[in-house]
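**Q** Contents of target_29.cif (mmCIF, C-alpha atoms):
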```cif
data_run
loop_
_atom_site.label_atom_id
_atom_site.label_comp_id
_atom_site.auth_asym_id
_atom_site.auth_seq_id
_atom_site.Cartn_x
_atom_site.Cartn_y
_atom_site.Cartn_z
CA MET A 457 10.37 2.16 41.11
CA ILE A 458 11.67 5.58 40.01
CA GLU A 459 14.64 5.09 42.35
CA ALA A 460 15.39 1.74 40.74
CA LEU A 461 15.30 3.24 37.23
CA LEU A 462 17.61 6.10 38.23
CA ILE A 463 19.99 3.78 40.07
CA GLY A 464 20.16 1.49 37.07
CA LEU A 465 20.76 4.33 34.65
CA ALA A 466 23.48 5.85 36.86
CA ALA A 467 25.11 2.47 37.43
CA GLY A 468 25.11 1.85 33.70
CA VAL A 469 26.68 5.21 32.90
CA ILE A 470 29.48 4.59 35.42
CA ALA A 471 29.95 1.08 34.05
CA GLY A 472 30.19 2.41 30.52
CA LEU A 473 32.58 5.16 31.53
CA LEU A 474 34.91 3.15 33.72
CA GLY A 475 34.55 -0.40 32.51
CA VAL A 476 33.62 -1.43 36.04
CA GLY A 477 30.07 -2.47 36.19
CA GLY A 478 27.49 -4.84 37.44
CA GLY A 479 27.76 -6.14 40.93
CA ALA A 480 30.14 -3.65 42.51
CA LEU A 481 27.48 -1.03 41.73
CA PHE A 482 24.23 -2.94 41.80
CA VAL A 483 24.65 -4.59 45.19
CA PRO A 484 25.20 -1.39 47.23
CA ALA A 485 22.57 0.40 45.13
CA LEU A 486 20.04 -2.30 45.99
CA THR A 487 20.89 -2.40 49.70
CA ILE A 488 21.32 1.33 50.33
CA GLY A 489 18.91 2.62 47.67
CA LEU A 490 16.13 0.06 47.81
CA GLY A 491 16.61 -1.44 51.26
CA LEU A 492 17.19 -5.05 50.22
CA SER A 493 19.19 -7.38 52.46
CA GLN A 494 22.76 -8.17 51.40
CA LEU A 495 21.76 -11.67 50.27
CA ASP A 496 18.71 -10.51 48.30
CA ALA A 497 20.69 -7.62 46.78
CA GLU A 498 23.36 -10.05 45.57
CA ALA A 499 20.76 -12.36 44.03
CA THR A 500 18.94 -9.44 42.39
CA SER A 501 22.22 -7.93 41.18
CA LEU A 502 22.94 -11.13 39.27
CA LEU A 503 19.62 -10.82 37.45
CA ALA A 504 20.38 -7.18 36.60
CA ILE A 505 23.84 -8.13 35.28
CA ILE A 506 22.42 -10.46 32.61
CA PRO A 507 21.13 -7.81 30.15
CA VAL A 508 24.18 -5.60 30.71
CA ALA A 509 26.61 -8.48 30.02
CA LEU A 510 24.62 -9.65 26.99
CA VAL A 511 24.59 -6.21 25.39
CA GLY A 512 28.23 -5.63 26.30
CA ALA A 513 29.29 -8.99 24.84
CA TRP A 514 27.29 -8.30 21.70
CA ARG A 515 28.96 -4.91 21.21
CA GLN A 516 32.40 -6.34 21.91
CA HIS A 517 31.70 -9.21 19.53
CA ALA A 518 31.01 -6.67 16.80
CA ASN A 519 34.51 -5.34 17.47
CA ALA A 520 35.97 -8.86 17.29
CA ASN A 521 36.97 -8.73 20.96
CA VAL A 522 35.21 -11.91 22.03
CA ASP A 523 36.74 -15.38 21.93
CA VAL A 524 33.37 -17.12 21.89
CA ARG A 525 34.67 -20.63 22.54
CA VAL A 526 36.72 -19.56 25.56
CA GLY A 527 33.86 -17.38 26.83
CA LEU A 528 31.35 -20.20 26.67
CA ALA A 529 33.79 -22.72 28.14
CA LEU A 530 34.50 -20.34 31.03
CA GLY A 531 30.79 -19.70 31.48
CA ALA A 532 30.00 -23.42 31.59
CA VAL A 533 32.71 -24.18 34.16
CA ALA A 534 31.85 -21.08 36.16
CA ALA A 535 28.17 -22.00 36.22
CA LEU A 536 29.13 -24.93 38.42
CA GLY A 537 31.32 -22.72 40.61
CA ALA A 538 28.52 -20.17 40.81
CA THR A 539 26.10 -22.82 42.00
CA GLY A 540 28.54 -23.64 44.80
CA GLY A 541 28.92 -19.94 45.55
CA VAL A 542 25.17 -19.41 45.79
CA VAL A 543 24.74 -22.41 48.09
CA LEU A 544 27.56 -21.03 50.25
CA ALA A 545 26.05 -17.53 50.24
CA ASN A 546 22.83 -18.98 51.59
CA ALA A 547 24.65 -21.00 54.25
CA VAL A 548 26.93 -18.37 55.79
CA PRO A 549 25.78 -15.55 58.09
CA GLU A 550 24.79 -12.38 56.24
CA ARG A 551 27.48 -10.51 58.19
CA ALA A 552 30.14 -12.66 56.49
CA LEU A 553 28.73 -11.71 53.08
CA GLU A 554 28.84 -8.02 53.99
CA VAL A 555 32.47 -8.23 55.12
CA GLY A 556 33.51 -10.28 52.08
CA PHE A 557 31.74 -7.89 49.73
CA ALA A 558 33.34 -4.89 51.45
CA LEU A 559 36.80 -6.42 50.88
CA LEU A 560 35.93 -7.14 47.24
CA ILE A 561 34.92 -3.54 46.49
CA LEU A 562 38.02 -2.26 48.30
CA PHE A 563 40.02 -4.35 45.84
CA VAL A 564 38.05 -2.89 42.91
CA ALA A 565 38.65 0.62 44.32
CA ALA A 566 42.39 -0.06 44.55
CA GLN A 567 42.44 -1.24 40.93
CA LEU A 568 40.58 1.90 39.82
CA VAL A 569 43.02 4.15 41.64
CA ARG A 570 46.02 2.29 40.26
CA ARG A 571 44.65 2.53 36.74
CA ALA A 572 43.68 6.19 37.09
CA LEU A 573 47.13 7.11 38.33
CA SER A 574 49.12 5.02 35.86
CA ASP A 575 47.11 5.55 32.68
CA GLY A 576 46.43 8.78 30.94
CA PRO A 577 42.90 10.07 30.58
CA GLY A 578 40.72 8.17 28.18
CA SER A 579 42.59 4.88 28.28
CA THR A 580 39.78 2.88 29.75
CA LEU A 581 38.01 -0.24 28.69
CA SER A 582 34.64 -0.13 27.05
CA ALA A 583 31.19 -0.82 28.33
CA ALA A 584 30.69 -2.69 31.57
CA ASP A 585 33.76 -4.72 30.92
CA ARG A 586 34.30 -5.67 34.51
CA SER A 587 30.71 -6.37 35.32
CA MET B 49 50.30 -27.10 26.73
CA LEU B 50 46.75 -27.94 25.72
CA ALA B 51 46.15 -29.70 29.03
CA SER B 52 47.59 -26.80 30.96
CA ARG B 53 45.38 -24.37 29.02
CA THR B 54 42.32 -26.46 29.87
CA LEU B 55 43.38 -26.63 33.50
CA ARG B 56 43.87 -22.88 33.63
CA LEU B 57 40.47 -22.20 32.07
CA THR B 58 38.88 -24.59 34.54
CA ALA B 59 40.59 -22.87 37.46
CA ILE B 60 39.60 -19.39 36.25
CA GLY B 61 36.01 -20.46 35.67
CA THR B 62 35.67 -22.15 39.03
CA VAL B 63 37.06 -19.22 41.02
CA ALA B 64 35.07 -16.66 39.01
CA GLY B 65 31.89 -18.68 39.51
CA LEU B 66 32.42 -18.94 43.25
CA PHE B 67 32.99 -15.18 43.50
CA SER B 68 29.96 -14.50 41.38
CA GLY B 69 27.60 -16.74 43.32
CA LEU B 70 28.94 -15.69 46.70
CA PHE B 71 29.02 -11.93 46.15
CA GLY B 72 26.50 -11.15 43.42
CA VAL B 73 29.07 -9.84 40.95
CA GLY B 74 29.80 -10.95 37.41
CA GLY B 75 33.24 -12.34 38.06
CA GLY B 76 35.05 -10.09 35.59
CA VAL B 77 37.30 -8.89 38.40
CA VAL B 78 38.69 -12.45 38.46
CA ILE B 79 38.39 -13.41 34.79
CA VAL B 80 39.96 -10.40 33.09
CA PRO B 81 43.31 -10.29 34.92
CA LEU B 82 43.72 -14.08 34.77
CA LEU B 83 42.98 -14.30 31.04
CA VAL B 84 45.66 -11.66 30.53
CA LEU B 85 48.22 -13.22 32.89
CA TRP B 86 47.68 -16.93 32.29
CA LEU B 87 46.42 -17.17 28.71
CA GLY B 88 48.11 -14.20 27.12
CA PHE B 89 44.90 -12.42 26.12
CA GLY B 90 45.02 -8.73 25.26
CA GLU B 91 43.07 -6.51 27.66
CA ARG B 92 40.21 -5.81 25.23
CA GLU B 93 39.90 -9.42 24.14
CA ALA B 94 39.93 -10.48 27.80
CA THR B 95 37.18 -8.04 28.72
CA GLY B 96 35.01 -8.96 25.73
CA THR B 97 35.41 -12.67 26.38
CA SER B 98 34.76 -12.08 30.08
CA LEU B 99 31.44 -10.41 29.25
CA ALA B 100 30.29 -13.45 27.26
CA ALA B 101 31.21 -15.71 30.19
CA ILE B 102 29.48 -13.38 32.65
CA ALA B 103 26.19 -13.56 30.78
CA VAL B 104 26.23 -17.36 31.27
CA ILE B 105 27.49 -17.19 34.88
CA ALA B 106 24.97 -14.56 36.00
CA ALA B 107 22.12 -16.51 34.39
CA ALA B 108 23.11 -19.73 36.18
CA ALA B 109 23.61 -17.98 39.53
CA THR B 110 20.27 -16.16 39.17
CA VAL B 111 18.46 -19.45 38.62
CA VAL B 112 20.00 -21.01 41.74
CA HIS B 113 19.33 -17.88 43.84
CA GLY B 114 15.81 -17.93 42.43
CA ALA B 115 15.34 -21.44 43.79
CA TYR B 116 16.18 -20.05 47.25
CA GLY B 117 13.63 -17.27 46.72
CA ASN B 118 16.19 -14.47 46.97
CA VAL B 119 15.67 -12.77 43.60
CA HIS B 120 13.49 -9.64 43.48
CA VAL B 121 12.52 -9.83 39.83
CA SER B 122 10.91 -6.43 39.33
CA GLU B 123 13.72 -4.57 41.15
CA GLY B 124 16.28 -6.50 39.11
CA MET B 125 14.67 -5.61 35.81
CA PHE B 126 14.04 -1.99 36.83
CA VAL B 127 17.73 -1.64 37.66
CA GLY B 128 19.18 -3.83 34.90
CA LEU B 129 17.28 -2.55 31.86
CA PRO B 130 18.03 1.17 32.33
CA ALA B 131 21.61 0.11 33.08
CA VAL B 132 21.85 -1.15 29.49
CA ALA B 133 20.93 2.33 28.23
CA GLY B 134 23.34 3.83 30.75
CA VAL B 135 26.20 1.62 29.59
CA ILE B 136 25.71 2.68 25.99
CA ALA B 137 25.58 6.36 27.00
CA GLY B 138 28.62 5.96 29.26
CA THR B 139 30.61 4.32 26.51
CA GLN B 140 29.87 7.25 24.20
CA LEU B 141 30.79 9.81 26.88
CA GLN B 142 34.01 7.92 27.57
CA GLN B 143 35.31 8.96 24.17
CA ARG B 144 34.95 12.64 25.05
CA ILE B 145 35.78 13.21 28.69
CA SER B 146 38.62 12.33 31.02
CA THR B 147 37.66 9.40 33.16
CA ARG B 148 40.48 9.84 35.66
CA ALA B 149 38.59 12.12 38.04
CA ILE B 150 35.49 9.94 37.76
CA SER B 151 37.56 6.83 38.52
CA LEU B 152 38.94 8.44 41.66
CA ILE B 153 35.53 9.72 42.80
CA PHE B 154 33.97 6.33 42.20
CA ALA B 155 36.82 4.57 44.02
CA ALA B 156 36.25 6.92 46.97
CA MET B 157 32.53 6.05 46.87
CA LEU B 158 33.35 2.35 46.97
CA VAL B 159 35.63 2.90 49.97
CA VAL B 160 32.81 4.75 51.77
CA VAL B 161 30.41 1.89 51.03
CA ALA B 162 33.00 -0.64 52.23
CA ILE B 163 33.52 1.26 55.50
CA HIS B 164 29.75 1.50 55.92
CA LEU B 165 29.55 -2.29 55.52
CA LEU B 166 32.51 -3.05 57.78
CA LEU B 167 31.37 -0.87 60.67
CA PRO B 168 28.73 -2.71 62.65
#
```
So, in terms of structure tokens, how does the structure I just supplied come out?

**A**
Amino acid sequence: MIEALLIGLAAGVIAGLLGVGGGALFVPALTIGLGLSQLDAEATSLLAIIPVALVGAWRQHANANVDVRVGLALGAVAALGATGGVVLANAVPERALEVGFALLILFVAAQLVRRALSDGPGSTLSAADRS
Amino acid sequence: MLASRTLRLTAIGTVAGLFSGLFGVGGGVVIVPLLVLWLGFGEREATGTSLAAIAVIAAAATVVHGAYGNVHVSEGMFVGLPAVAGVIAGTQLQQRISTRAISLIFAAMLVVVAIHLLLP
């Protein structure tokens, strides 16, 4: 339980600092740190993302950075896509999920490097923006 | 134009949802760049709007995963709730320190995790 608290806190700090949050951090933390399977870590990561995204959206809304109509429309459409994604995740071998997730975080890493090298210090997005 | 905007939003939402459900991420990695490229959003507006969408997407995906019995509720809350405090702290720190080195270190960490996953 202490590990989970520390992992969450650390993941949140990185998300707040870099604007990359949620799943890219939670999934490996849950597999490597807490020994969950890839599938269970992904499912549990989604639960952990909810409070982070809610607080982040609330803070961004205070700064007038949220187009609420577009956000809700996207969320509604994506909820259907997500249902398909979850069904697929449960149907494919766990090895395929691991490989797909590895490619996804390589892409995130490449974006971070590109941004770090092209932007000056401090020009990052705010809180958990990419969660 | 209106129809094409609706089509674009539908496409973005569908792809983001699939990514989210399949890989346990929010989908911001898909939503943010596409809102900027296809709908002309500014980066901050895109990320804020993405967060609102992610709250809905993650909730839906969690419910479906829950039906499969994959969600570890206590682990999820023990990770997610301190993460909220961490995000607020990280956002404050961001104003004061250079994030370049941290970005590169974190990117390196992700590469290590990816290699760890790819190697059998």

**Q** Put a box with edges along x, y and z around all the listed atoms of region 475-490 of chain A, pad it by 8 Å on each side, then give me its centre and sizes in Å, one decimal, as AutoDock Vina command-line options.

**A**
```
--center_x 25.3 --center_y -1.8 --center_z 41.4 --size_x 34.4 --size_y 24.8 --size_z 33.8
```

**Q** Can you list, as a list in words, every protein, DNA or RNA residue that comes within 6 Å of Ala513 (chain A) when you count all atoms listed in the file, leaving out same-chain residues fewer than 6 positions away?

**A**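 In the requested form, the answer reads Gly96, Leu99 and Ala100 of chain B.
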
**Q** Output the contact residues of chain A with respect to chain B at a cut-off of 6 Å, based on all atoms listed in the file, as a PyMOL selection string.

**A** chain A and resi 460-461+464-465+468-469+471-473+479+496+498-504+506+508-510+513+516+521-523+527-528+530-531+533-535+537-539+541-542+545+554-555+558+562+565+568-569+572+577-578+583+585-587

**Q** Just to confirm, what's the straight-line distance from CA of Ala532 (chain A) to CA of Ile561 (chain A) in Å (one decimal)?

**A**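 That distance, rounded to one decimal, is 25.3 Å.
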
**Q** When you draw a straight line from CA of Phe482 (chain A) to CA of Leu495 (chain A), how long is it in Å?

**A**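 One can read the CA of Phe482 (chain A) to CA of Leu495 (chain A) distance as 12.4 Å.
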
**Q** How many Å lie between CA of Leu85 (chain B) and CA of Leu573 (chain A), rounded to one decimal?

**A**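 CA of Leu85 (chain B) sits 21.1 Å away from CA of Leu573 (chain A).
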